[in-house]
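Chemist: The structure that follows is given in the form of structure tokens.
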Amino acid sequence: MRKEALVVVAATAATAVVGITLFRRWQRRKERQWKGTHGILRKLARECATPVSKLWEVANDLVSEMEASLASQETFSTTLNMLVSYMASLPSGDEEGVYYGVNLRGTNFLILCARLGGKQKPISDLYREEIIIPSDVVTGTSQELFDFIAVEVEKFVSANPENRDTGGAEEKKLGFTWSYPVDQAAATSGSAIKWKSFSVDDTVGKALLNDLNRALQKHGVNMHVFALVDNAVGELAGGRYYNRDSVAAITLGMSTDAAYIEAAETVHKWCSPLPESGEMVISMELGNFKSPHLPVTEFDASLDAESSNPGSGVFEKLVAGMYLGEIVRRVLLKMAQETGIFGENVPSKLATPFLLRSPDMAVMHQDTSEDHDGVDEKLNEIFGITNSSPMARELVAEVCDIVAERSARLAGAGIVGIIKKLGRIENKKSVVTIEGGLYEHYRVFRNYLHSSVWEMLGNDLSDNVRIEHSHGGPGAGAVFLAASANLNS
């Protein structure tokens with residue numbers, strides 16, 4: 001009996017030893033995995049770092065590119081096109097009355113109607129309607145698109161008869177702005193018009209403008225569009241209506257762009273007569289900016305190589321909302337493949353490009369719950385990951401933070417670069433209007449942007465640059481452009 005008991009004890013002890021050995025092996029493997037995960041994270045943080053010295057290098061490169069493009073007679077001689085997009089006077093703040101606008105946004109557009117009260121009074125009686133463009137129209141001809149828009153504008157005007165003070169039968173001005181496609185599908189679809197910024201003397205832009213006005217006339221819409229401009233120009237018009245110190249507008253949403261007011265005599269490549277106002281609105285196409293000082297990682301390089309426009313839109317791919325979630329996804333995929341952060345098997349959906357959108361990234365980033373329950377919910381909802389540990393969720397939030405901080409601080413460097421080009425940093429007040437969901441809805445992103453501008457300029461000069469959110473919401477810039485056109489007519 002005693003011998004049998006000893007055998008049992010020995011077997012139990014051996015089993016315990018084996019169990020302890022296996023546990024230690026598992027523990028060492030996990031430690032190696034987490035060490036590898038943190039190694040990827042540290043490398044990402046190091047390569048995405050944007051100290052003030054680097055931000056100034058980026059800002060100075062931007063100034064150099066702006067000056068070179070304005071001086072060049074050759075189109076597309078630099079990474080910035082710097083197109084003279086608008087030459088009429090911008091709003092003065094005294095405009096009154098009801099104005100209409102259209103904001104074309106890839107696969108949909110907004111029609112707006114609003115009342116301006118003059119004396120910089122807030123926009124009021126704002127009506128906004130979103131119209132989905134049928135797929136056959138999106139891929140059809142420009143004339144089919146403009147016919148569709150004209151019909152919908154006529155319906156909107158009839159449904160919102162707010163024109164009792166606009167002169168009755170007198171022709172009205174219709175502001176028309178466009179935004180870059182707001183999703184990857186729209187960006188790569190065979191759309192009727194390959195939307196880009198047009199210079200005021202661009203023959204293609206003039207032809208499109210004529211086609212649009214003919215469509216309005218054909219469908220009985222007593223309105224006239226005077227310019228096709230990107231949304232940043234419209235937001236700049238809105239900023240100028242409220243404040244004469246408004247000098248630039250930045251789009252920080254799914255895409256990235258900027259427009260600003262330049263002294264006409266500095267635009268050496270412009271050979272036609274200068275405007276009486278002495279000012280020109282320059283559409284920068286900021287997303288195309290490229291600099292050797294931009295902090296580019298292996299994830300950015302692979303995203304660019306696999307995109308529909310490799311080598312182009314470098315700044316936009318680092319900053320815009322369309323790409324931020326995709327960069328995070330690529331980092332998480334590498335962690336899953338090389339370190340098993342989400343378990344032994346790599347979640348299949350994690351390999352799907354552009355599945356993680358920037359709004360979902362923002363939710364995970366800004367999750368303040370103790371165990372990052374919001375991160376857990378999004379990982380499950382988007383990638384089908386059901387077994388994430390609290391430590392893994394914390395790392396996901398850190399990846400989001402690194403990517404968002406880099407984006408916001410680079411955007412801040414862009415703002416400072418524009419203000420420096422205008423010579424307004426040291427002795428003039430400047431207002432910069434920012435439009436887009438990335439800035440409006442992503443609180444941490446917004447805070448990082450503001451802090452980057454403050455760090456670059458310091459206590460003494462940071463008060464000279466005031467950043468404001470756009471007025472009137474999405475597409476409202478078209479309304480302000482209509483008001484300025486009425487003033488110039």
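Here, A, B, ... name the chains of the structure tokens in the order displayed, residue numbers run from 1 inside each chain, and ligands are numbered from 1 in the same displayed order.
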Looking only at the backbone, which of the residues in range 245-487 of chain A does DSSP tag as strand (DSSP E), as an NGL selection string?
Modeler: :A and (246-252 or 256-263 or 279-283 or 430-435 or 465-469)
Chemist: Would you pick out the contacts of Ala264 in chain A at 8 Å or less, using only C-alpha atoms, so that residues sharing its chain but fewer than 4 positions from it are not included, and give the list as a CSV table (one decimal) with N, CA, C and O atoms, in the first residue's frame?
Modeler:
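What ended up in part_33.csv:
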```csv
chain,number,residue,atom,x,y,z
A,274,LEU,N,-4.0,91.8,-63.8
A,274,LEU,CA,-4.2,91.5,-62.3
A,274,LEU,C,-5.6,92.0,-61.9
A,274,LEU,O,-6.1,93.0,-62.4
A,275,PRO,N,-6.2,91.4,-60.9
A,275,PRO,CA,-7.5,91.8,-60.4
A,275,PRO,C,-7.4,93.2,-59.7
A,275,PRO,O,-6.4,93.5,-59.1
A,278,GLY,N,-6.3,93.3,-56.1
A,278,GLY,CA,-4.9,93.0,-55.7
A,278,GLY,C,-4.7,91.7,-55.0
A,278,GLY,O,-3.6,91.4,-54.6
A,279,GLU,N,-5.8,90.9,-55.0
A,279,GLU,CA,-5.7,89.6,-54.4
A,279,GLU,C,-6.1,88.5,-55.3
A,279,GLU,O,-6.9,88.6,-56.2
A,280,MET,N,-5.5,87.3,-55.1
A,280,MET,CA,-5.9,86.1,-55.8
A,280,MET,C,-6.0,85.0,-54.8
A,280,MET,O,-5.3,84.9,-53.8
```
Chemist: Show which residues sit within 8 Å of range 105-121 of chain A, as a ChimeraX atom specification. Count only C-alpha atoms, and ignore same-chain residues fewer than 3 positions away.
Modeler: /A:93-102,124-135,138,153,156,162,178-182,186-187,241-243,475-476,479
Chemist: What does the distance from CA of Arg446 in chain A to CA of Gly238 in chain A come to in Å, to one decimal?
Modeler: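 About the pair CA of Arg446 in chain A and CA of Gly238 in chain A: they are 20.4 Å apart.
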Chemist: Compile the contact shell of Ala404 in chain A as number ranges by chain: residues with an atom at most 8 Å away, counting only C-alpha atoms, same-chain residues fewer than 3 positions apart removed.
Modeler: A: 324, 400-401, 407-408, 445
Chemist: Include N, CA, C and O atoms and write out the residues we just selected as a PDB file, in the first residue's frame.
Modeler:
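As a result, selection.pdb now contains:
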```pdb
ATOM      1  N   LEU A 324      -5.802  57.214 -42.610  1.00  0.00           N
ATOM      2  CA  LEU A 324      -5.314  56.995 -41.247  1.00  0.00           C
ATOM      3  C   LEU A 324      -5.690  55.611 -40.719  1.00  0.00           C
ATOM      4  O   LEU A 324      -4.856  54.897 -40.145  1.00  0.00           O
ATOM      5  N   CYS A 400      -3.123  53.848 -32.681  1.00  0.00           N
ATOM      6  CA  CYS A 400      -3.998  54.931 -33.144  1.00  0.00           C
ATOM      7  C   CYS A 400      -3.448  56.296 -32.747  1.00  0.00           C
ATOM      8  O   CYS A 400      -3.471  57.245 -33.533  1.00  0.00           O
ATOM      9  N   ASP A 401      -2.929  56.379 -31.528  1.00  0.00           N
ATOM     10  CA  ASP A 401      -2.407  57.644 -31.026  1.00  0.00           C
ATOM     11  C   ASP A 401      -1.194  58.105 -31.834  1.00  0.00           C
ATOM     12  O   ASP A 401      -1.087  59.280 -32.218  1.00  0.00           O
ATOM     13  N   SER A 407      -0.282  62.792 -37.993  1.00  0.00           N
ATOM     14  CA  SER A 407      -1.148  63.454 -38.960  1.00  0.00           C
ATOM     15  C   SER A 407      -1.478  64.875 -38.537  1.00  0.00           C
ATOM     16  O   SER A 407      -1.340  65.822 -39.311  1.00  0.00           O
ATOM     17  N   ALA A 408      -1.922  65.038 -37.307  1.00  0.00           N
ATOM     18  CA  ALA A 408      -2.348  66.344 -36.820  1.00  0.00           C
ATOM     19  C   ALA A 408      -1.191  67.334 -36.774  1.00  0.00           C
ATOM     20  O   ALA A 408      -1.331  68.510 -37.143  1.00  0.00           O
ATOM     21  N   PHE A 445      -7.236  64.452 -32.165  1.00  0.00           N
ATOM     22  CA  PHE A 445      -6.576  64.977 -33.365  1.00  0.00           C
ATOM     23  C   PHE A 445      -6.568  66.505 -33.328  1.00  0.00           C
ATOM     24  O   PHE A 445      -5.539  67.136 -33.576  1.00  0.00           O
TER      25      PHE A 445
END
```
Chemist: At what distance in Å, to one decimal, does CA of Leu216 in chain A lie from CA of Arg240 in chain A?
Modeler: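 Computed distance, CA of Arg240 in chain A to CA of Leu216 in chain A, equals 28.3 Å.
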Chemist: Please list as a short mmCIF file (atom, residue, chain, number, x, y, z; two decimals) with N, CA, C and O atoms, in the first residue's frame every residue within 12 Å of range 41-48 of chain A, counting only C-alpha atoms and excluding residues in the same chain fewer than 4 positions away.
Modeler:
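Contents of selection.cif, freshly written:
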```cif
data_model
loop_
_atom_site.label_atom_id
_atom_site.label_comp_id
_atom_site.auth_asym_id
_atom_site.auth_seq_id
_atom_site.Cartn_x
_atom_site.Cartn_y
_atom_site.Cartn_z
N TRP A 34 5.28 39.52 -26.86
CA TRP A 34 5.01 40.88 -26.43
C TRP A 34 6.22 41.78 -26.63
O TRP A 34 6.09 42.96 -26.96
N LYS A 35 7.42 41.19 -26.47
CA LYS A 35 8.63 41.95 -26.75
C LYS A 35 8.67 42.35 -28.22
O LYS A 35 9.01 43.49 -28.56
N GLY A 36 8.29 41.41 -29.10
CA GLY A 36 8.23 41.72 -30.52
C GLY A 36 7.18 42.76 -30.85
O GLY A 36 7.41 43.66 -31.67
N THR A 37 6.02 42.68 -30.19
CA THR A 37 4.95 43.65 -30.41
C THR A 37 5.39 45.04 -30.00
O THR A 37 5.20 46.02 -30.73
N LYS A 54 11.62 69.07 -36.68
CA LYS A 54 11.17 68.43 -37.92
C LYS A 54 9.97 69.17 -38.51
O LYS A 54 9.86 69.34 -39.73
N LEU A 55 9.07 69.62 -37.65
CA LEU A 55 7.91 70.37 -38.14
C LEU A 55 8.35 71.64 -38.86
O LEU A 55 7.78 72.01 -39.89
N HIS A 293 11.71 65.54 -45.58
CA HIS A 293 11.62 65.58 -44.13
C HIS A 293 10.30 65.00 -43.60
O HIS A 293 10.10 64.95 -42.38
N LEU A 294 9.41 64.59 -44.48
CA LEU A 294 8.17 63.97 -44.01
C LEU A 294 8.49 62.61 -43.39
O LEU A 294 9.25 61.82 -43.97
N PRO A 295 7.92 62.31 -42.23
CA PRO A 295 8.21 61.05 -41.54
C PRO A 295 7.42 59.89 -42.15
O PRO A 295 6.27 59.64 -41.80
N VAL A 296 8.04 59.17 -43.07
CA VAL A 296 7.40 58.08 -43.80
C VAL A 296 7.89 56.74 -43.27
O VAL A 296 9.09 56.52 -43.12
N THR A 297 6.96 55.82 -42.99
CA THR A 297 7.29 54.50 -42.47
C THR A 297 7.11 53.43 -43.55
O THR A 297 6.64 53.71 -44.65
N GLU A 298 7.46 52.20 -43.22
CA GLU A 298 7.26 51.09 -44.16
C GLU A 298 5.79 50.90 -44.48
O GLU A 298 5.43 50.49 -45.59
N PHE A 299 4.91 51.23 -43.54
CA PHE A 299 3.47 51.07 -43.76
C PHE A 299 2.96 52.12 -44.75
O PHE A 299 2.10 51.82 -45.59
N ASP A 300 3.49 53.33 -44.64
CA ASP A 300 3.13 54.38 -45.61
C ASP A 300 3.64 54.02 -47.00
O ASP A 300 2.95 54.22 -48.00
N LEU A 318 -0.44 60.82 -45.56
CA LEU A 318 0.01 60.88 -44.18
C LEU A 318 -0.99 61.57 -43.27
O LEU A 318 -0.97 61.37 -42.05
N VAL A 319 -1.86 62.40 -43.86
CA VAL A 319 -2.69 63.31 -43.07
C VAL A 319 -4.19 63.02 -43.17
O VAL A 319 -4.91 63.12 -42.17
N ILE A 327 -3.57 52.89 -42.35
CA ILE A 327 -2.22 52.78 -41.80
C ILE A 327 -2.25 51.98 -40.49
O ILE A 327 -1.43 51.08 -40.27
N VAL A 328 -3.22 52.28 -39.64
CA VAL A 328 -3.36 51.53 -38.38
C VAL A 328 -3.60 50.05 -38.66
O VAL A 328 -3.00 49.18 -38.02
N ARG A 330 -2.64 48.26 -41.18
CA ARG A 330 -1.41 47.63 -41.64
C ARG A 330 -0.45 47.35 -40.49
O ARG A 330 0.24 46.32 -40.47
N VAL A 331 -0.40 48.26 -39.52
CA VAL A 331 0.45 48.03 -38.35
C VAL A 331 -0.08 46.84 -37.55
O VAL A 331 0.69 45.95 -37.14
N LEU A 332 -1.39 46.81 -37.32
CA LEU A 332 -1.99 45.71 -36.53
C LEU A 332 -1.82 44.37 -37.24
O LEU A 332 -1.62 43.34 -36.60
N LYS A 334 0.70 43.48 -39.18
CA LYS A 334 2.08 43.03 -38.96
C LYS A 334 2.24 42.47 -37.56
O LYS A 334 2.89 41.43 -37.36
N MET A 335 1.66 43.13 -36.57
CA MET A 335 1.73 42.64 -35.20
C MET A 335 1.07 41.26 -35.08
O MET A 335 1.59 40.36 -34.41
N THR A 339 3.76 38.57 -34.21
CA THR A 339 3.82 38.43 -32.75
C THR A 339 2.57 37.81 -32.15
O THR A 339 2.51 37.62 -30.93
N ILE A 341 -0.49 38.98 -31.67
CA ILE A 341 -1.14 39.86 -30.69
C ILE A 341 -2.61 39.50 -30.48
O ILE A 341 -3.17 39.71 -29.41
N ALA A 392 -3.60 43.89 -25.30
CA ALA A 392 -3.64 44.06 -26.75
C ALA A 392 -4.45 45.29 -27.12
O ALA A 392 -4.08 46.05 -28.02
N GLU A 394 -4.90 47.95 -25.36
CA GLU A 394 -4.12 49.15 -25.02
C GLU A 394 -3.11 49.46 -26.12
O GLU A 394 -2.90 50.62 -26.49
N LEU A 395 -2.49 48.41 -26.66
CA LEU A 395 -1.53 48.61 -27.75
C LEU A 395 -2.21 49.14 -29.01
O LEU A 395 -1.65 49.96 -29.72
N VAL A 396 -3.43 48.65 -29.28
CA VAL A 396 -4.19 49.16 -30.42
C VAL A 396 -4.43 50.66 -30.27
O VAL A 396 -4.24 51.43 -31.22
N ALA A 397 -4.82 51.08 -29.07
CA ALA A 397 -5.06 52.50 -28.81
C ALA A 397 -3.76 53.30 -28.99
O ALA A 397 -3.78 54.43 -29.49
N GLU A 398 -2.63 52.72 -28.60
CA GLU A 398 -1.35 53.42 -28.75
C GLU A 398 -0.98 53.58 -30.22
O GLU A 398 -0.43 54.62 -30.63
N VAL A 399 -1.26 52.56 -31.03
CA VAL A 399 -1.00 52.67 -32.47
C VAL A 399 -1.84 53.81 -33.06
O VAL A 399 -1.35 54.63 -33.83
N CYS A 400 -3.12 53.85 -32.68
CA CYS A 400 -4.00 54.93 -33.14
C CYS A 400 -3.45 56.30 -32.75
O CYS A 400 -3.47 57.24 -33.53
N ASP A 401 -2.93 56.38 -31.53
CA ASP A 401 -2.41 57.64 -31.03
C ASP A 401 -1.19 58.10 -31.83
O ASP A 401 -1.09 59.28 -32.22
N ILE A 402 -0.30 57.19 -32.12
CA ILE A 402 0.91 57.54 -32.87
C ILE A 402 0.56 58.05 -34.26
O ILE A 402 1.08 59.07 -34.73
N VAL A 403 -0.33 57.33 -34.94
CA VAL A 403 -0.70 57.70 -36.32
C VAL A 403 -1.47 59.02 -36.35
O VAL A 403 -1.23 59.88 -37.19
N ALA A 404 -2.40 59.20 -35.40
CA ALA A 404 -3.20 60.43 -35.37
C ALA A 404 -2.34 61.64 -35.00
O ALA A 404 -2.50 62.72 -35.57
N GLU A 405 -1.43 61.46 -34.05
CA GLU A 405 -0.58 62.58 -33.63
C GLU A 405 0.30 63.05 -34.79
O GLU A 405 0.45 64.26 -35.03
N ARG A 406 0.90 62.11 -35.50
CA ARG A 406 1.73 62.50 -36.65
C ARG A 406 0.91 63.28 -37.67
O ARG A 406 1.34 64.34 -38.16
N SER A 407 -0.28 62.79 -37.99
CA SER A 407 -1.15 63.45 -38.96
C SER A 407 -1.48 64.88 -38.54
O SER A 407 -1.34 65.82 -39.31
N ALA A 408 -1.92 65.04 -37.31
CA ALA A 408 -2.35 66.34 -36.82
C ALA A 408 -1.19 67.33 -36.77
O ALA A 408 -1.33 68.51 -37.14
N ARG A 409 -0.04 66.87 -36.34
CA ARG A 409 1.11 67.78 -36.23
C ARG A 409 1.65 68.18 -37.60
O ARG A 409 2.10 69.31 -37.79
N LEU A 410 1.59 67.28 -38.57
CA LEU A 410 1.97 67.66 -39.92
C LEU A 410 1.00 68.68 -40.50
O LEU A 410 1.41 69.61 -41.21
#
```
Chemist: Mind giving me the straight-line distance from CA of Met364 in chain A to CA of Val314 in chain A in Å, one decimal?
Modeler: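 Answer for the CA of Met364 in chain A to CA of Val314 in chain A separation: 25.4 Å.
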Chemist: Among range 309-350 of chain A, which residues does DSSP mark as alpha helix (DSSP H) when it is run on the backbone? Keep the chain and numbering as in the structure and answer as an mmCIF file with N, CA and C atoms, in the first residue's frame.
Modeler:
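Output file part_6.cif follows:
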```cif
data_model
loop_
_atom_site.group_PDB
_atom_site.id
_atom_site.type_symbol
_atom_site.label_atom_id
_atom_site.label_comp_id
_atom_site.auth_asym_id
_atom_site.auth_seq_id
_atom_site.Cartn_x
_atom_site.Cartn_y
_atom_site.Cartn_z
ATOM 1 N N VAL A 314 1.475 62.376 -51.502
ATOM 2 C CA VAL A 314 2.255 61.882 -50.364
ATOM 3 C C VAL A 314 1.777 62.504 -49.058
ATOM 4 N N PHE A 315 1.631 63.817 -49.031
ATOM 5 C CA PHE A 315 1.191 64.497 -47.806
ATOM 6 C C PHE A 315 -0.209 64.045 -47.410
ATOM 7 N N GLU A 316 -1.087 63.929 -48.395
ATOM 8 C CA GLU A 316 -2.459 63.509 -48.112
ATOM 9 C C GLU A 316 -2.499 62.116 -47.507
ATOM 10 N N LYS A 317 -1.648 61.225 -47.959
ATOM 11 C CA LYS A 317 -1.648 59.854 -47.447
ATOM 12 C C LYS A 317 -1.123 59.769 -46.017
ATOM 13 N N LEU A 318 -0.445 60.817 -45.565
ATOM 14 C CA LEU A 318 0.009 60.875 -44.178
ATOM 15 C C LEU A 318 -0.995 61.575 -43.269
ATOM 16 N N VAL A 319 -1.858 62.395 -43.863
ATOM 17 C CA VAL A 319 -2.686 63.306 -43.067
ATOM 18 C C VAL A 319 -4.186 63.018 -43.167
ATOM 19 N N GLY A 321 -8.078 61.639 -43.579
ATOM 20 C CA GLY A 321 -8.863 60.624 -42.904
ATOM 21 C C GLY A 321 -9.058 59.358 -43.706
ATOM 22 N N MET A 322 -9.010 59.454 -45.045
ATOM 23 C CA MET A 322 -9.184 58.258 -45.871
ATOM 24 C C MET A 322 -8.104 57.223 -45.583
ATOM 25 N N TYR A 323 -6.924 57.681 -45.144
ATOM 26 C CA TYR A 323 -5.777 56.786 -45.030
ATOM 27 C C TYR A 323 -5.377 56.440 -43.595
ATOM 28 N N LEU A 324 -5.802 57.214 -42.610
ATOM 29 C CA LEU A 324 -5.314 56.995 -41.247
ATOM 30 C C LEU A 324 -5.690 55.611 -40.719
ATOM 31 N N GLY A 325 -6.944 55.226 -40.893
ATOM 32 C CA GLY A 325 -7.369 53.909 -40.432
ATOM 33 C C GLY A 325 -6.649 52.797 -41.157
ATOM 34 N N GLU A 326 -6.359 53.007 -42.445
ATOM 35 C CA GLU A 326 -5.655 51.986 -43.226
ATOM 36 C C GLU A 326 -4.225 51.802 -42.734
ATOM 37 N N ILE A 327 -3.570 52.891 -42.350
ATOM 38 C CA ILE A 327 -2.218 52.778 -41.800
ATOM 39 C C ILE A 327 -2.250 51.981 -40.494
ATOM 40 N N VAL A 328 -3.222 52.277 -39.638
ATOM 41 C CA VAL A 328 -3.363 51.533 -38.377
ATOM 42 C C VAL A 328 -3.596 50.052 -38.663
ATOM 43 N N ARG A 329 -4.456 49.760 -39.629
ATOM 44 C CA ARG A 329 -4.743 48.353 -39.963
ATOM 45 C C ARG A 329 -3.468 47.622 -40.387
ATOM 46 N N ARG A 330 -2.639 48.260 -41.176
ATOM 47 C CA ARG A 330 -1.410 47.632 -41.639
ATOM 48 C C ARG A 330 -0.450 47.353 -40.486
ATOM 49 N N VAL A 331 -0.396 48.259 -39.522
ATOM 50 C CA VAL A 331 0.454 48.034 -38.346
ATOM 51 C C VAL A 331 -0.079 46.843 -37.545
ATOM 52 N N LEU A 332 -1.387 46.807 -37.320
ATOM 53 C CA LEU A 332 -1.987 45.712 -36.535
ATOM 54 C C LEU A 332 -1.816 44.374 -37.241
ATOM 55 N N LEU A 333 -1.891 44.383 -38.578
ATOM 56 C CA LEU A 333 -1.704 43.145 -39.332
ATOM 57 C C LEU A 333 -0.286 42.609 -39.134
ATOM 58 N N LYS A 334 0.699 43.481 -39.179
ATOM 59 C CA LYS A 334 2.079 43.028 -38.959
ATOM 60 C C LYS A 334 2.240 42.471 -37.556
ATOM 61 N N MET A 335 1.658 43.133 -36.574
ATOM 62 C CA MET A 335 1.730 42.636 -35.202
ATOM 63 C C MET A 335 1.071 41.265 -35.081
ATOM 64 N N ALA A 336 -0.064 41.095 -35.739
ATOM 65 C CA ALA A 336 -0.773 39.816 -35.681
ATOM 66 C C ALA A 336 0.024 38.717 -36.367
ATOM 67 N N GLN A 337 0.657 39.023 -37.480
ATOM 68 C CA GLN A 337 1.407 38.025 -38.241
ATOM 69 C C GLN A 337 2.716 37.642 -37.556
ATOM 70 N N GLU A 338 3.397 38.624 -36.965
ATOM 71 C CA GLU A 338 4.730 38.374 -36.438
ATOM 72 C C GLU A 338 4.764 38.114 -34.938
ATOM 73 N N THR A 339 3.756 38.568 -34.214
ATOM 74 C CA THR A 339 3.816 38.427 -32.747
ATOM 75 C C THR A 339 2.566 37.806 -32.148
#
```
Chemist: Check the smallest atom-to-atom distance from each of A:Leu350, A:Ala411, A:Leu461, A:Leu481 to Tyr448 in chain A using only C-alpha atoms, then report the winner.
Modeler: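 Looking at the shortest contact to Tyr448 in chain A, the residue is A:Ala411.
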Chemist: Could you give me, as a PyMOL selection string, the residues within 9 Å of Ile261 in chain A, counting only C-alpha atoms and dropping anything in the same chain fewer than 3 positions from it?
Modeler: chain A and resi 236+246-248+264+279-282+422
Chemist: Would you please work out which residue, of A:Ser451, A:Ser307, A:Ser69, A:Thr79, is nearest to Lys290 in chain A when using only C-alpha atoms?
Modeler: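 That would be A:Thr79, the residue with the smallest distance to Lys290 in chain A.
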Chemist: Between A:Ala362, A:Leu62, A:Ile385, A:Ala215, which one has atoms that come closest to Tyr442 in chain A, using only C-alpha atoms?
Modeler: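 Using only C-alpha atoms, the shortest distance to Tyr442 in chain A belongs to A:Ala362.
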Chemist: Would you mind telling me which residue in A:Gly436, A:Gly423, A:Pro353, A:Gly220 lies nearest to Asn464 in chain A when using only C-alpha atoms?
Modeler: A:Gly423
Chemist: Between A:Ala258, A:Phe176, A:Ile419, A:Glu154, which is the closest to Gln217 in chain A once you count only C-alpha atoms?
Modeler: A:Glu154
